[in-house]
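Chemist: After the structure tokens below, expect a handful of questions from me.
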Amino acid sequence: MSHRSGPLPSSATLTTTLSARLRGAILRGEFEPGSKLVLDRVREAYQVSLSPLREALCRLESEGLVVAEDQRGYRVTPVSADNLTEVIRLRCDLEAMAAKEAMIHGDAAWEGRILAALHQLNRVKRIEGGDSAREEWERCHRAFHAELIAPCRMPILQSFCETLHDQSDRYRRIFLKNHTPDRDVPAEHAAIAEAMIERRADQAVQMLRDHIERTGRNIQLALGGKYAR
């Protein structure tokens, strides 16, 4: 698969832009879990020099998406049932904490942004619309979950939540991309949004946990023998 889409800008944003493009390719499964990243090939595909590529890969290493190998370059982080279990558990705990804080500090404008994000997410027909619709759904899905915890006033916690969301998204996008959702996901999103807006904290947190855990269980089933351990 070709990753070429024109030269990257020659500016201070080069590493950030390259990191985002590589992150997206890894999350979409364009680089197989556990596969070696041949730097010369990646550099040529993305039309960049080695220095910004290494900087971008260092960022992705800190996010847990790539692994550095002594004197051997980088490899896409492998997947496993154990790793997924840890990611889901941490995501449940940290997003629950962030959601509680968001409900304390969120205002009417935040409530409106949640509803707007939910509306945008529900407009996308990810199953019928092909690859472009699936990518748009992923973008809107991420924006909705980010908005739920946006006013928590804990930027380090938000950063952790973002990284964990990337980690769980990678599993979901690789292992559930050919599966039809087994439940009414839009209804779950709507129920979580309503509970948070109404400050039904305990119920909102439990629904959020259940939502994340159900997806994790579905991925575990799809993970199968190849990557199980």
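Chain lettering (A, B, ...) mirrors the order of the structure tokens, residue numbering begins at 1 for each chain separately, and ligand numbering begins at 1 in order of display.
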Would you tabulate, counting only C-alpha atoms, all residues of region 98-211 of chain A that have an atom at most 8 Å from an atom of region 23-31 of chain A, showing the closest pair of atoms and their distance in Å to one decimal, sorted by chain then ascending number, as CSV?
Modeler:
residue,atom,partner,partner_atom,distance
A:Asp166,CA,A:Leu27,CA,7.2
A:Asp169,CA,A:Leu27,CA,6.7
A:Arg170,CA,A:Leu27,CA,4.4
A:Tyr171,CA,A:Leu27,CA,7.9
A:Arg173,CA,A:Arg28,CA,6.1
A:Ile174,CA,A:Gly29,CA,5.7
Chemist: As a list in words, please: the residues near region 93-97 of chain A (cut-off 8 Å, only C-alpha atoms, same-chain neighbours under 5 positions excluded).
Modeler: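 Once the adjacent positions are removed, what remains is Ile149, Leu157, Phe160, Cys161, Val205, Leu208 and Arg209 of chain A.
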Chemist: Keeping N, CA and C atoms, export the residues of the selection given above as a PDB file, in the first residue's frame.
Modeler:
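Just written: out-v9.pdb:
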ATOM      1  N   ILE A 149     -14.963  14.467  28.099  1.00  0.00           N
ATOM      2  CA  ILE A 149     -14.063  14.724  29.225  1.00  0.00           C
ATOM      3  C   ILE A 149     -13.337  16.061  29.087  1.00  0.00           C
ATOM      4  N   LEU A 157      -4.155  13.943  32.689  1.00  0.00           N
ATOM      5  CA  LEU A 157      -5.134  12.860  32.606  1.00  0.00           C
ATOM      6  C   LEU A 157      -5.725  12.781  31.198  1.00  0.00           C
ATOM      7  N   PHE A 160      -3.287  11.091  28.888  1.00  0.00           N
ATOM      8  CA  PHE A 160      -3.294   9.645  29.075  1.00  0.00           C
ATOM      9  C   PHE A 160      -4.513   9.014  28.394  1.00  0.00           C
ATOM     10  N   CYS A 161      -5.668   9.660  28.563  1.00  0.00           N
ATOM     11  CA  CYS A 161      -6.896   9.143  27.958  1.00  0.00           C
ATOM     12  C   CYS A 161      -6.790   9.117  26.439  1.00  0.00           C
ATOM     13  N   VAL A 205     -20.936   7.207  34.531  1.00  0.00           N
ATOM     14  CA  VAL A 205     -19.640   6.523  34.607  1.00  0.00           C
ATOM     15  C   VAL A 205     -19.798   5.031  34.355  1.00  0.00           C
ATOM     16  N   LEU A 208     -20.382   4.443  30.683  1.00  0.00           N
ATOM     17  CA  LEU A 208     -19.149   4.637  29.939  1.00  0.00           C
ATOM     18  C   LEU A 208     -18.239   3.422  30.081  1.00  0.00           C
ATOM     19  N   ARG A 209     -18.121   2.917  31.307  1.00  0.00           N
ATOM     20  CA  ARG A 209     -17.323   1.709  31.539  1.00  0.00           C
ATOM     21  C   ARG A 209     -17.871   0.527  30.735  1.00  0.00           C
TER      22      ARG A 209
END
Chemist: Give the answer as one residue: which of A:Arg21, A:Arg43, A:His189, A:Arg199 has the shortest atom-to-atom distance to Ala117 (chain A), using only C-alpha atoms?
Modeler: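 Comparing A:Arg21, A:Arg43, A:His189, A:Arg199 against Ala117 (chain A), the winner is A:His189.
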Chemist: Where in region 68-115 of chain A does DSSP assign strand (DSSP E), given as a PDB file with C-alpha atoms, in the first residue's frame?
Modeler:
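Done, and the output landed in part_6.pdb:
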ATOM      1  CA  ALA A  68      12.589   0.870  19.438  1.00  0.00           C
ATOM      2  CA  GLU A  69      15.014  -1.997  18.918  1.00  0.00           C
ATOM      3  CA  GLY A  73      15.451   0.565  14.218  1.00  0.00           C
ATOM      4  CA  TYR A  74      11.751   0.427  15.016  1.00  0.00           C
ATOM      5  CA  ARG A  75       8.914  -2.055  14.933  1.00  0.00           C
ATOM      6  CA  VAL A  76       5.147  -1.529  15.155  1.00  0.00           C
TER       7      VAL A  76
END
Chemist: Could you jot down the CA of Thr15 (chain A) to CA of Leu37 (chain A) separation for me, Å, one decimal place?
Modeler: 16.9 Å
Chemist: I'd like the contact shell of region 210-219 of chain A - 10 Å cut-off, only C-alpha atoms, skipping same-chain residues fewer than 5 positions apart - returned as a ChimeraX atom specification.
Modeler: /A:81,84-85,87-89,91-92,95,165,168-169,171-176,179,181-183,185,188-189,192,204-205,224
Chemist: To one decimal in Å, tell me the separation between CA of Ala56 (chain A) and CA of Pro78 (chain A).
Modeler: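 Atom-to-atom, CA of Ala56 (chain A) to CA of Pro78 (chain A), that is 18.6 Å.
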